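Enquirer: Can you keep this structure in mind? I'll have questions shortly.
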Amino acid sequence: MLAFLALVGVTLVWFLLPLLPALRELVRPTDIAPLKVVDRSAGLIVYFARNFRRYLDRVLPAEAGAGDYAAKLLDGTEFVRVNRRMEQLATDGKVEKRLVVLDAPLSLPGDQTFLMEVYARAPLVSGPETNYRAIYAERDLTLGENNRVFRWTHAGGPLTVGAHSILRGRVSSDTRVSFGADVVFERAGAPVIAHGEAREPPIRPDNGLTSWAPEGVRKIGDHLRIEGDLDIPKGSRVTGNLVVAGRLRIGAGALVEGSIKAHRDIELAEGAQVSGAAVSRARLSVGPGGWIGGPAIAERGLRLSQNAVVGGPSLPATVSATEVELAPGATVYGQISAMRGARTL
Amino acid sequence: MPGKTPAAALEGARRLEALRIHGHLGGVIRPHRAMAGIPWTAWRFVTTVALGLGGFAGYVALLPFIGRFWQVLFERGRAWLGLEALIGDQLLVFPGGISFTVPSVEATTPIPDLRVLQIAGLVSVGVLLLSFLLPQRFTPLRYFLRLLAIVQGTAILFFWVSAEPFPYRIADHVFILLTAGLVVMGLVPLVLGLTLHVFDLAFWRKLGLTAAIVVHLMVFVPLNVLIHVWLLLHATAVVMPVLFLVFGLLLNVFIFVAFYGWALSWTGDLERRKLPPPVHLG
Amino acid sequence: MIPVFVVLLYVIVAIMVIYTIRHYFFTLNRLFGRHRQPYVDIGSAAWPRVAVFIPCHNEEKVIGHMLDALLDGDYPADRLALIPIDDRSTDGTLRILQDYAARFPGRVAPFFRTGGTGGKAAALRDASEHATGSDVSIHLVFDADYLPGRGLIKQLVAPFFDPEVGAVMGRVVPLNVNKSLLTRLLDLERTGGYQVDQQARMNLGLIPQYGGTVGGVRRSALFEVGGWRDDTLAEDTDMTFRLVLAGWEVAYQNRSECYEEVPERWSSRIAQIKRWTRGHNQALVRHWWPLLKRPPHLRRRTVLDGLLLLGVYAVGPLLMLGWGLALLLYYLGVQLAAGLAAIFAVAMYSTLGNFAAFFEVAAGVRLDGSRGRVRLLPFLIVGFLVSLVSVTWASVTQVATAWRRGPRPWEKTARHRKPELGVPDHQEER
């Protein structure tokens, strides 16, 4: 009997060995807090910028008024304050490792790298070939050609981005963002975002269009469902929401008064308009001068041709796709998100 | 950067800036968990296949050794426990021409008499009562005890009313549990290949875990079966169904899950290298 | 007779294997497949008018927190109506709602029920028909114990810009994880269910399930399919399938998270899962045939997913039946197949089969980036045992009492929150 009990004991101990981590976690929990439910504000384009600004409010020493000097923030981070003596900053391809506070309007010479954030209280013009970790500009911000920002960019005033720049993370302005050619970015948000000069939404044609209704449709609630592909003739007007199981083409100058969705590609020809949202499971392209009134969503790529517009001054909207291309004059009133990157042509 | 895709341009900028992953207070900025994924790498794919198939092949090669190890364990166990049984060996032939021996136990299988059935019945009722007396916070245990009592109840019923002889001998019980144990052990590298090696854990950890589970079961299975044999010889075949159905294969699975849960709590490569988990884009 | 038992057992094992494959498929898809969250970045839009319904029956401990959280949200106040539905509460709920209505006129507009069928579905049916104007296009629903973050309403509304989306579901995150082993196990289960299962369905274009809270429906879709039904215990599952059959999509927003209180006591948990079982089985009976007939807009794989989803609670009694048959055949000395093949089949099922659920949970926890809790995985086995028995018992009694009709009582999960403790702030990511 004793031998049996010993065997049971040994076997039980052996059995419990792999259970020790589980038992330990049960008795002395190491991971018992609820998952952090992150507030939606974290998804806001300006979220990191605002956080940084609040951080500065906390750590920038109160006695640090205007002037040129190097010091430490209250949390020990080194920073340099520049009012006039720009030579304090590392230049000529060198790396500035301190956080930078710029007090006066400045034009940076270019060919610099800022490993910490740059905080500009006055308008800032960046030279070419400059790398930033992140920039918070209270007023206008102009980035030169071939600039790179690694985390986020925010300007209280207009933000102009020079050609061939790469802006990772979030790009935002409280007034407008204007991109040069061949700029790559991930997310942008502003009342108006444009490649070059912003365009107003085109005038909605009130007459001259022929009413047209697709055939073989099924009415489901407030939308019409079309199995297969659909081509809307040019110059026609369709009233109602459309859901197309295949590909959807909207002819030149045609107008859809409602929202559209296609399980495959959507193509808006030149001057075609959709008053509501446009959602594609694949690609969405808006022809020259085309307009989408509501959010434009594509699960693959999205292209806004020359002078194409999404949203309007009183109609905020979002462009969201895996990849986004903006031709000159393409304008978005609100927000652009491109997980794999957006590019101006 | 003309010609490059936006994604490639952004990736180039990311490589340039190792510091991007750190916030201004130094923490790692991770994408939200809703967006996280675990993309394949060539290395992980190769190691997954190698550990899965290689592990299985290695296990198959080890089978004769495991058979001999069990043989020794059973012979020592018989002497130590004073079991009234003969330890023999039985040839197992697996598909692919793999053959080896595992221990067999030849012993008279005691059939319960009325008194044993009454005792078993009393114990079962006791267990059932206990399940109702336990506080509510022990609900899983209460349910488990009821399961035990029900299975044991069916065994008592069988021996009480059945005109047919009980279809299993101790030798059958031992044989089935040992071979089932071998099958589970063989499945370990394959199942881990599908469910563990696909994660971004270090190669040596994956290899170590595979070996640890196989070695653990290699020791546990025969020890458990020896306990069964002792119980069957002393408490009669009335406990065989409960031993077979509840304390056999189920325990092996429990061990596997325990190891697996532990392994999945280990730090992954991405985390160790302070890289954010990539986002799925397809 | 024995061959019948054997065939039946094999059929049950085959069904289990199908569910096993489904689990593995979903988990592998979630880990390695293309991730679909097409609406998550809609942050700027002309937001539509929304009504948020909060069914209440004796919710004095939690309803104040809920309303505070919603009032603090970033959705344009002039486009958001909060409609708590008081259904004959006998505690202080009524007084609290009147107080909020007085303090926030035009924003909080309670709907008071004093008669009619009891239950959440009936409350929603009455309120949705009478408490909103036609300018409201989206109806969101929250249980009273939930704690929505500031931007959750926008996130849940965003998918409705897609004209095909009829319902939206967000992710439920347990708040009271640290209360007991049960809450910790439920936290793991929820992780597997939402982070993996629901998101995989979204990725694959299948049927994510509208879960009755942290979600909502398009008003036009709701009324097109006949409104909320009050003769079901799972109005959410029922609505999911009615919408899908009628040609609408259900969108899952993995990023739209909301805290909930999970049951802290096993008795609450058992009651909850029994209620879900009965409701889900009702949906199975109602919708399996229309689904099998495959309306033209549904693909075959969507139909298959729908049937498997409808059957999830029927699997419990089937599995128990399988165990019973296995026990019977064991006593009869029946060899299921020749020697090792039988053992191999059983072992395959016991490890690969059962293990799929653990894989799903572990993958979810891993993706959540909170690894320590996954060590509790082996204890999930005991949780599964309790669920299995409860689901089976609920199914059996449901069949046995199917002929009975009577007044429907309010069935809800017990609340454990202490009002004076308040609510934790939503934490923010840097």
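Naming works like this for the structure tokens: A, B, ... for the chains as they're shown, residue 1 at the start of each chain, ligands 1 onward in shown order.
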Extract the full set of strand (DSSP E or B) residues from range 156-364 of chain C according to DSSP on the backbone, and format it as an mmCIF file with C-alpha atoms, in the first residue's frame.

Expert:
```
data_model
loop_
_atom_site.group_PDB
_atom_site.id
_atom_site.type_symbol
_atom_site.label_atom_id
_atom_site.label_comp_id
_atom_site.auth_asym_id
_atom_site.auth_seq_id
_atom_site.Cartn_x
_atom_site.Cartn_y
_atom_site.Cartn_z
ATOM 1 C CA VAL C 165 -24.330 46.984 -43.920
ATOM 2 C CA GLY C 166 -27.461 46.222 -41.925
ATOM 3 C CA ALA C 167 -25.896 45.612 -38.535
ATOM 4 C CA VAL C 168 -22.620 46.317 -36.764
ATOM 5 C CA MET C 169 -20.973 44.585 -33.855
ATOM 6 C CA GLY C 170 -18.088 45.799 -31.713
ATOM 7 C CA ARG C 171 -15.748 43.895 -29.433
ATOM 8 C CA VAL C 172 -16.755 43.162 -25.863
ATOM 9 C CA VAL C 173 -13.943 43.336 -23.293
ATOM 10 C CA PRO C 174 -14.503 42.063 -19.745
ATOM 11 C CA GLY C 215 -23.608 47.265 -31.852
ATOM 12 C CA GLY C 216 -26.653 48.272 -33.741
ATOM 13 C CA VAL C 217 -28.831 48.024 -36.782
ATOM 14 C CA ARG C 218 -29.806 50.271 -39.644
ATOM 15 C CA GLU C 249 -24.315 42.355 -44.260
ATOM 16 C CA VAL C 250 -23.202 42.323 -40.653
ATOM 17 C CA ALA C 251 -19.914 44.161 -40.046
ATOM 18 C CA TYR C 252 -17.621 43.406 -37.122
ATOM 19 C CA GLN C 253 -15.424 46.213 -35.812
ATOM 20 C CA ASN C 254 -12.600 44.629 -33.848
ATOM 21 C CA ARG C 255 -11.263 48.067 -32.966
ATOM 22 C CA SER C 256 -14.541 49.205 -31.399
ATOM 23 C CA GLU C 257 -14.086 47.904 -27.894
ATOM 24 C CA CYS C 258 -16.369 48.303 -24.933
ATOM 25 C CA TYR C 259 -16.090 47.105 -21.364
ATOM 26 C CA GLU C 260 -18.686 44.720 -20.010
#
```

Enquirer: Given a cut-off of 7 Å, which residues of chain C touch chain A, counting only C-alpha atoms, written out as a ChimeraX atom specification?

Expert: /C:38,41-46,149-152,161-164,174-178,220-221,224,247,257-258,372-373,375-376,426-430

Enquirer: Residues of chain B near chain C: apply a cut-off of 8 Å, count only C-alpha atoms, and supply the list as JSON, numbers by chain.

Expert: {"B": [23, 29, 32, 33, 34, 35, 36, 37, 38, 39, 40, 136, 137, 139, 140, 141, 143, 144, 158, 166, 167, 168, 176, 179, 180, 183, 184, 187, 191, 195, 249, 250, 253, 254, 257, 258, 261, 262, 264, 265, 266, 280, 281, 282]}

Enquirer: Pick from A:Asp229, A:Asp182, A:Glu145, A:Asp68: nearest to chain B, with only C-alpha atoms counted?

Expert: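 That would be A:Asp182, the residue with the smallest distance to chain B.
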
Enquirer: Can you tell me which residues surround Leu178 in chain B at a distance of at most 8 Å, considering only C-alpha atoms, apart from same-chain residues fewer than 4 positions away, and format the answer as a PyMOL selection string?

Expert: chain B and resi 102+174+182+221-222+225

Enquirer: Output the selection as a CSV table (one decimal), in the first residue's frame - N, CA and C atoms for each residue.

Expert:
```csv
chain,number,residue,atom,x,y,z
B,102,VAL,N,6.0,-3.2,-26.6
B,102,VAL,CA,5.6,-2.5,-25.4
B,102,VAL,C,5.3,-3.5,-24.3
B,174,VAL,N,-4.5,-2.1,-20.3
B,174,VAL,CA,-3.1,-1.6,-20.4
B,174,VAL,C,-2.7,-1.3,-21.8
B,182,LEU,N,1.1,6.4,-26.8
B,182,LEU,CA,2.1,6.6,-27.9
B,182,LEU,C,1.5,7.4,-29.1
B,221,VAL,N,2.8,8.4,-18.8
B,221,VAL,CA,1.8,7.3,-19.3
B,221,VAL,C,2.1,6.0,-18.5
B,222,PRO,N,3.3,5.5,-18.5
B,222,PRO,CA,3.5,4.2,-17.8
B,222,PRO,C,3.2,4.3,-16.3
B,225,VAL,N,-0.5,4.1,-15.9
B,225,VAL,CA,-1.0,2.8,-16.2
B,225,VAL,C,-0.7,1.9,-15.0
```

Enquirer: From the DSSP assignment of the backbone, select every residue of range 8-233 of chain B that is alpha helix (DSSP H), and format the answer as a PDB file with C-alpha atoms, in the first residue's frame.

Expert:
```
ATOM      1  CA  ALA B   8       8.545  50.468 -49.678  1.00  0.00           C
ATOM      2  CA  ALA B   9       9.272  54.172 -49.233  1.00  0.00           C
ATOM      3  CA  LEU B  10       7.730  54.146 -45.775  1.00  0.00           C
ATOM      4  CA  GLU B  11       9.602  50.995 -44.863  1.00  0.00           C
ATOM      5  CA  GLY B  12      12.845  52.635 -45.944  1.00  0.00           C
ATOM      6  CA  ALA B  13      12.099  55.547 -43.654  1.00  0.00           C
ATOM      7  CA  ARG B  14      11.278  53.145 -40.864  1.00  0.00           C
ATOM      8  CA  ARG B  15      14.583  51.364 -41.172  1.00  0.00           C
ATOM      9  CA  LEU B  16      16.308  54.712 -41.079  1.00  0.00           C
ATOM     10  CA  ALA B  42      10.768  32.144 -44.431  1.00  0.00           C
ATOM     11  CA  TRP B  43      12.719  31.050 -41.344  1.00  0.00           C
ATOM     12  CA  ARG B  44       9.560  30.404 -39.342  1.00  0.00           C
ATOM     13  CA  PHE B  45       8.028  28.456 -42.190  1.00  0.00           C
ATOM     14  CA  VAL B  46      11.093  26.264 -42.535  1.00  0.00           C
ATOM     15  CA  THR B  47      11.407  25.690 -38.791  1.00  0.00           C
ATOM     16  CA  THR B  48       7.704  24.921 -38.482  1.00  0.00           C
ATOM     17  CA  VAL B  49       7.911  22.231 -41.127  1.00  0.00           C
ATOM     18  CA  GLY B  55       9.971  15.970 -34.611  1.00  0.00           C
ATOM     19  CA  PHE B  56       7.591  13.254 -35.710  1.00  0.00           C
ATOM     20  CA  ALA B  57      10.356  11.377 -37.518  1.00  0.00           C
ATOM     21  CA  GLY B  58      12.575  11.675 -34.461  1.00  0.00           C
ATOM     22  CA  TYR B  59       9.782  10.374 -32.277  1.00  0.00           C
ATOM     23  CA  VAL B  60       9.229   7.388 -34.548  1.00  0.00           C
ATOM     24  CA  ALA B  61      12.922   6.633 -34.384  1.00  0.00           C
ATOM     25  CA  LEU B  62      12.691   6.764 -30.586  1.00  0.00           C
ATOM     26  CA  LEU B  63       9.775   4.336 -30.346  1.00  0.00           C
ATOM     27  CA  PRO B  64      11.859   1.184 -29.727  1.00  0.00           C
ATOM     28  CA  PHE B  65      13.721   3.017 -26.965  1.00  0.00           C
ATOM     29  CA  ILE B  66      10.458   4.173 -25.404  1.00  0.00           C
ATOM     30  CA  GLY B  67       9.165   0.593 -25.553  1.00  0.00           C
ATOM     31  CA  ARG B  68      12.267  -0.677 -23.749  1.00  0.00           C
ATOM     32  CA  PHE B  69      12.089   2.141 -21.189  1.00  0.00           C
ATOM     33  CA  TRP B  70       8.493   1.254 -20.415  1.00  0.00           C
ATOM     34  CA  GLN B  71       9.411  -2.410 -20.190  1.00  0.00           C
ATOM     35  CA  VAL B  72      11.999  -1.635 -17.530  1.00  0.00           C
ATOM     36  CA  LEU B  73       9.616   0.668 -15.717  1.00  0.00           C
ATOM     37  CA  PHE B  74       6.867  -1.942 -15.654  1.00  0.00           C
ATOM     38  CA  GLU B  75       9.147  -4.692 -14.408  1.00  0.00           C
ATOM     39  CA  ARG B  76      10.536  -2.486 -11.641  1.00  0.00           C
ATOM     40  CA  GLY B  77       7.030  -1.240 -10.867  1.00  0.00           C
ATOM     41  CA  ARG B  78       5.651  -4.774 -10.614  1.00  0.00           C
ATOM     42  CA  ALA B  79       8.337  -5.725  -8.115  1.00  0.00           C
ATOM     43  CA  TRP B  80       8.024  -2.506  -6.144  1.00  0.00           C
ATOM     44  CA  LEU B  81       4.231  -2.570  -5.952  1.00  0.00           C
ATOM     45  CA  LEU B 114     -22.032  -7.901  -4.552  1.00  0.00           C
ATOM     46  CA  ARG B 115     -20.105  -6.521  -1.589  1.00  0.00           C
ATOM     47  CA  VAL B 116     -17.661  -4.661  -3.824  1.00  0.00           C
ATOM     48  CA  LEU B 117     -20.565  -3.311  -5.840  1.00  0.00           C
ATOM     49  CA  GLN B 118     -22.244  -2.114  -2.646  1.00  0.00           C
ATOM     50  CA  ILE B 119     -19.076  -0.362  -1.519  1.00  0.00           C
ATOM     51  CA  ALA B 120     -18.598   1.164  -4.963  1.00  0.00           C
ATOM     52  CA  GLY B 121     -22.222   2.257  -4.887  1.00  0.00           C
ATOM     53  CA  LEU B 122     -21.798   3.861  -1.485  1.00  0.00           C
ATOM     54  CA  VAL B 123     -18.661   5.673  -2.594  1.00  0.00           C
ATOM     55  CA  SER B 124     -20.416   6.892  -5.730  1.00  0.00           C
ATOM     56  CA  VAL B 125     -23.378   8.156  -3.728  1.00  0.00           C
ATOM     57  CA  GLY B 126     -20.930   9.832  -1.362  1.00  0.00           C
ATOM     58  CA  VAL B 127     -19.157  11.539  -4.229  1.00  0.00           C
ATOM     59  CA  LEU B 128     -22.500  12.631  -5.640  1.00  0.00           C
ATOM     60  CA  LEU B 129     -23.600  14.000  -2.269  1.00  0.00           C
ATOM     61  CA  LEU B 130     -20.298  15.773  -1.846  1.00  0.00           C
ATOM     62  CA  SER B 131     -20.841  17.454  -5.215  1.00  0.00           C
ATOM     63  CA  PHE B 132     -24.067  18.936  -3.916  1.00  0.00           C
ATOM     64  CA  LEU B 133     -22.559  19.995  -0.605  1.00  0.00           C
ATOM     65  CA  THR B 139     -18.930  24.420  -9.476  1.00  0.00           C
ATOM     66  CA  PRO B 140     -16.422  22.924 -11.952  1.00  0.00           C
ATOM     67  CA  LEU B 141     -15.346  20.436  -9.294  1.00  0.00           C
ATOM     68  CA  ARG B 142     -18.988  19.703  -8.468  1.00  0.00           C
ATOM     69  CA  TYR B 143     -19.655  18.933 -12.114  1.00  0.00           C
ATOM     70  CA  PHE B 144     -16.537  16.807 -12.372  1.00  0.00           C
ATOM     71  CA  LEU B 145     -17.519  14.792  -9.307  1.00  0.00           C
ATOM     72  CA  ARG B 146     -20.971  14.235 -10.768  1.00  0.00           C
ATOM     73  CA  LEU B 147     -19.404  13.050 -13.997  1.00  0.00           C
ATOM     74  CA  LEU B 148     -17.285  10.600 -12.008  1.00  0.00           C
ATOM     75  CA  ALA B 149     -20.286   9.377 -10.049  1.00  0.00           C
ATOM     76  CA  ILE B 150     -22.350   8.903 -13.193  1.00  0.00           C
ATOM     77  CA  VAL B 151     -19.669   6.961 -15.049  1.00  0.00           C
ATOM     78  CA  GLN B 152     -19.007   4.857 -11.950  1.00  0.00           C
ATOM     79  CA  GLY B 153     -22.753   4.348 -11.587  1.00  0.00           C
ATOM     80  CA  THR B 154     -22.964   2.913 -15.083  1.00  0.00           C
ATOM     81  CA  ALA B 155     -20.174   0.477 -14.241  1.00  0.00           C
ATOM     82  CA  ILE B 156     -21.970  -0.686 -11.093  1.00  0.00           C
ATOM     83  CA  LEU B 157     -25.162  -1.060 -13.074  1.00  0.00           C
ATOM     84  CA  PHE B 158     -23.366  -3.099 -15.712  1.00  0.00           C
ATOM     85  CA  PHE B 159     -21.826  -5.529 -13.254  1.00  0.00           C
ATOM     86  CA  TRP B 160     -25.082  -5.752 -11.352  1.00  0.00           C
ATOM     87  CA  VAL B 161     -27.510  -6.464 -14.158  1.00  0.00           C
ATOM     88  CA  ILE B 170      -6.480  -5.794 -17.485  1.00  0.00           C
ATOM     89  CA  ALA B 171      -4.211  -6.705 -20.378  1.00  0.00           C
ATOM     90  CA  ASP B 172      -6.576  -4.993 -22.835  1.00  0.00           C
ATOM     91  CA  HIS B 173      -6.858  -1.916 -20.636  1.00  0.00           C
ATOM     92  CA  VAL B 174      -3.092  -1.585 -20.364  1.00  0.00           C
ATOM     93  CA  PHE B 175      -2.544  -2.183 -24.049  1.00  0.00           C
ATOM     94  CA  ILE B 176      -5.094   0.409 -25.137  1.00  0.00           C
ATOM     95  CA  LEU B 177      -3.833   3.082 -22.750  1.00  0.00           C
ATOM     96  CA  LEU B 178      -0.190   2.546 -23.681  1.00  0.00           C
ATOM     97  CA  THR B 179      -0.851   2.617 -27.408  1.00  0.00           C
ATOM     98  CA  ALA B 180      -3.146   5.625 -27.062  1.00  0.00           C
ATOM     99  CA  GLY B 181      -0.357   7.327 -25.112  1.00  0.00           C
ATOM    100  CA  LEU B 182       2.069   6.554 -27.919  1.00  0.00           C
ATOM    101  CA  VAL B 183      -0.320   8.019 -30.468  1.00  0.00           C
ATOM    102  CA  VAL B 184      -0.758  11.215 -28.452  1.00  0.00           C
ATOM    103  CA  MET B 185       3.010  11.521 -28.098  1.00  0.00           C
ATOM    104  CA  GLY B 186       3.367  11.090 -31.848  1.00  0.00           C
ATOM    105  CA  LEU B 187       0.826  13.814 -32.428  1.00  0.00           C
ATOM    106  CA  VAL B 188       2.693  16.271 -30.205  1.00  0.00           C
ATOM    107  CA  PRO B 189       5.167  17.537 -32.834  1.00  0.00           C
ATOM    108  CA  LEU B 190       2.477  17.638 -35.505  1.00  0.00           C
ATOM    109  CA  VAL B 191      -0.075  19.511 -33.408  1.00  0.00           C
ATOM    110  CA  LEU B 192       2.584  21.904 -32.150  1.00  0.00           C
ATOM    111  CA  GLY B 193       3.626  22.447 -35.752  1.00  0.00           C
ATOM    112  CA  LEU B 194       0.171  23.735 -36.471  1.00  0.00           C
ATOM    113  CA  THR B 195      -0.505  25.571 -33.252  1.00  0.00           C
ATOM    114  CA  PHE B 203      13.514  28.031 -32.238  1.00  0.00           C
ATOM    115  CA  TRP B 204      15.126  26.503 -29.185  1.00  0.00           C
ATOM    116  CA  ARG B 205      11.983  27.127 -27.157  1.00  0.00           C
ATOM    117  CA  LYS B 206       9.849  25.333 -29.697  1.00  0.00           C
ATOM    118  CA  LEU B 207      12.261  22.458 -29.871  1.00  0.00           C
ATOM    119  CA  GLY B 208      12.500  22.359 -26.096  1.00  0.00           C
ATOM    120  CA  LEU B 209       8.762  22.354 -25.599  1.00  0.00           C
ATOM    121  CA  THR B 210       8.254  19.542 -28.097  1.00  0.00           C
ATOM    122  CA  ALA B 211      10.858  17.467 -26.312  1.00  0.00           C
ATOM    123  CA  ALA B 212       9.517  18.365 -22.871  1.00  0.00           C
ATOM    124  CA  ILE B 213       5.983  17.217 -23.656  1.00  0.00           C
ATOM    125  CA  VAL B 214       7.125  13.959 -25.238  1.00  0.00           C
ATOM    126  CA  VAL B 215       9.476  13.220 -22.346  1.00  0.00           C
ATOM    127  CA  HIS B 216       6.825  14.135 -19.804  1.00  0.00           C
ATOM    128  CA  LEU B 217       4.270  11.822 -21.374  1.00  0.00           C
ATOM    129  CA  MET B 218       6.891   9.121 -21.818  1.00  0.00           C
ATOM    130  CA  VAL B 219       7.227   9.032 -18.039  1.00  0.00           C
ATOM    131  CA  PHE B 220       3.661   9.857 -17.093  1.00  0.00           C
ATOM    132  CA  VAL B 221       1.828   7.335 -19.254  1.00  0.00           C
ATOM    133  CA  PRO B 222       3.456   4.182 -17.803  1.00  0.00           C
ATOM    134  CA  LEU B 223       3.311   5.504 -14.225  1.00  0.00           C
ATOM    135  CA  ASN B 224      -0.373   6.252 -14.662  1.00  0.00           C
ATOM    136  CA  VAL B 225      -1.006   2.812 -16.153  1.00  0.00           C
ATOM    137  CA  LEU B 226       0.817   1.148 -13.259  1.00  0.00           C
ATOM    138  CA  ILE B 227      -1.521   2.952 -10.864  1.00  0.00           C
ATOM    139  CA  HIS B 228      -4.451   1.706 -12.914  1.00  0.00           C
ATOM    140  CA  VAL B 229      -3.168  -1.884 -12.717  1.00  0.00           C
ATOM    141  CA  TRP B 230      -2.821  -1.704  -8.938  1.00  0.00           C
ATOM    142  CA  LEU B 231      -6.315  -0.253  -8.601  1.00  0.00           C
ATOM    143  CA  LEU B 232      -7.820  -2.843 -10.911  1.00  0.00           C
ATOM    144  CA  LEU B 233      -6.197  -5.668  -8.971  1.00  0.00           C
TER     145      LEU B 233
END
```

Enquirer: Name all residues at most 10 Å from range 227-229 of chain C (count only C-alpha atoms; drop same-chain ones fewer than 2 positions away) and give them as a PyMOL selection string.

Expert: chain C and resi 120-129+219-225+231-236+238-239+242

Enquirer: Those same residues, written as a CSV table (one decimal), in the first residue's frame with N, CA and C atoms?

Expert:
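As a result, selection.csv now contains:
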```csv
chain,number,residue,atom,x,y,z
C,120,LYS,N,-35.9,41.8,-23.0
C,120,LYS,CA,-35.1,42.8,-23.7
C,120,LYS,C,-35.7,43.0,-25.2
C,121,ALA,N,-36.0,41.9,-25.8
C,121,ALA,CA,-36.4,42.0,-27.2
C,121,ALA,C,-37.7,42.8,-27.3
C,122,ALA,N,-38.7,42.5,-26.4
C,122,ALA,CA,-39.9,43.2,-26.4
C,122,ALA,C,-39.7,44.7,-26.1
C,123,ALA,N,-38.8,45.0,-25.2
C,123,ALA,CA,-38.6,46.4,-24.8
C,123,ALA,C,-38.0,47.1,-26.0
C,124,LEU,N,-37.1,46.4,-26.7
C,124,LEU,CA,-36.5,47.1,-27.9
C,124,LEU,C,-37.5,47.3,-29.0
C,125,ARG,N,-38.4,46.3,-29.2
C,125,ARG,CA,-39.4,46.4,-30.2
C,125,ARG,C,-40.3,47.6,-30.0
C,126,ASP,N,-40.8,47.7,-28.7
C,126,ASP,CA,-41.7,48.8,-28.4
C,126,ASP,C,-41.0,50.2,-28.6
C,127,ALA,N,-39.8,50.2,-28.0
C,127,ALA,CA,-39.1,51.5,-28.1
C,127,ALA,C,-38.7,51.9,-29.5
C,128,SER,N,-38.2,50.9,-30.3
C,128,SER,CA,-37.8,51.3,-31.6
C,128,SER,C,-38.9,51.7,-32.5
C,129,GLU,N,-40.1,51.2,-32.2
C,129,GLU,CA,-41.3,51.6,-33.0
C,129,GLU,C,-41.8,53.0,-32.6
C,219,ARG,N,-31.9,51.4,-39.3
C,219,ARG,CA,-33.3,51.5,-39.0
C,219,ARG,C,-34.1,50.9,-40.2
C,220,SER,N,-33.7,51.3,-41.4
C,220,SER,CA,-34.5,50.8,-42.6
C,220,SER,C,-34.4,49.2,-42.7
C,221,ALA,N,-33.3,48.7,-42.3
C,221,ALA,CA,-33.1,47.3,-42.4
C,221,ALA,C,-33.9,46.6,-41.3
C,222,LEU,N,-33.9,47.2,-40.1
C,222,LEU,CA,-34.7,46.7,-39.0
C,222,LEU,C,-36.1,46.5,-39.3
C,223,PHE,N,-36.7,47.6,-39.9
C,223,PHE,CA,-38.1,47.6,-40.1
C,223,PHE,C,-38.5,46.7,-41.4
C,224,GLU,N,-37.5,46.6,-42.3
C,224,GLU,CA,-37.7,45.8,-43.5
C,224,GLU,C,-37.9,44.4,-43.1
C,225,VAL,N,-37.1,43.9,-42.1
C,225,VAL,CA,-37.2,42.5,-41.7
C,225,VAL,C,-38.2,42.3,-40.6
C,231,ASP,N,-40.5,37.1,-29.4
C,231,ASP,CA,-40.7,35.7,-29.0
C,231,ASP,C,-39.4,34.9,-29.1
C,232,THR,N,-38.4,35.6,-28.9
C,232,THR,CA,-37.1,34.9,-28.9
C,232,THR,C,-36.2,35.4,-27.7
C,233,LEU,N,-35.4,34.5,-27.2
C,233,LEU,CA,-34.5,34.8,-26.1
C,233,LEU,C,-33.2,35.3,-26.6
C,234,ALA,N,-32.9,35.2,-27.9
C,234,ALA,CA,-31.7,35.7,-28.5
C,234,ALA,C,-32.1,36.6,-29.7
C,235,GLU,N,-32.6,37.8,-29.4
C,235,GLU,CA,-33.0,38.6,-30.5
C,235,GLU,C,-31.9,39.0,-31.4
C,236,ASP,N,-30.6,39.0,-30.8
C,236,ASP,CA,-29.4,39.3,-31.6
C,236,ASP,C,-29.1,38.3,-32.7
C,238,ASP,N,-31.2,36.1,-33.8
C,238,ASP,CA,-32.4,36.1,-34.7
C,238,ASP,C,-32.2,37.2,-35.7
C,239,MET,N,-31.9,38.4,-35.2
C,239,MET,CA,-31.7,39.6,-36.1
C,239,MET,C,-30.6,39.4,-37.1
C,242,ARG,N,-32.0,37.1,-39.8
C,242,ARG,CA,-33.0,37.7,-40.6
C,242,ARG,C,-32.4,38.8,-41.6
```

Enquirer: Can you work out which residues from chain A touch chain B at a cut-off of 9 Å (counting only C-alpha atoms) and hand them back as a ChimeraX atom specification?

Expert: /A:1-4,7-8,10-11,14-16,18-22,38,52,115-117,133,146,148-151,164-168,182-186,322-324,339-343

Enquirer: To one decimal in Å, tell me the separation between CA of Lys293 in chain C and CA of His263 in chain A.

Expert: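 About the pair CA of Lys293 in chain C and CA of His263 in chain A: they are 22.6 Å apart.
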
Enquirer: Could you name the residues that touch Pro328 in chain A at 7 Å or less, counting only C-alpha atoms, but leaving out those on the same chain fewer than 5 positions away, as a list in words?

Expert: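 Counting only C-alpha atoms, the residues come to His195, Gly196, Gln306, Asn307 and Leu345 of chain A.
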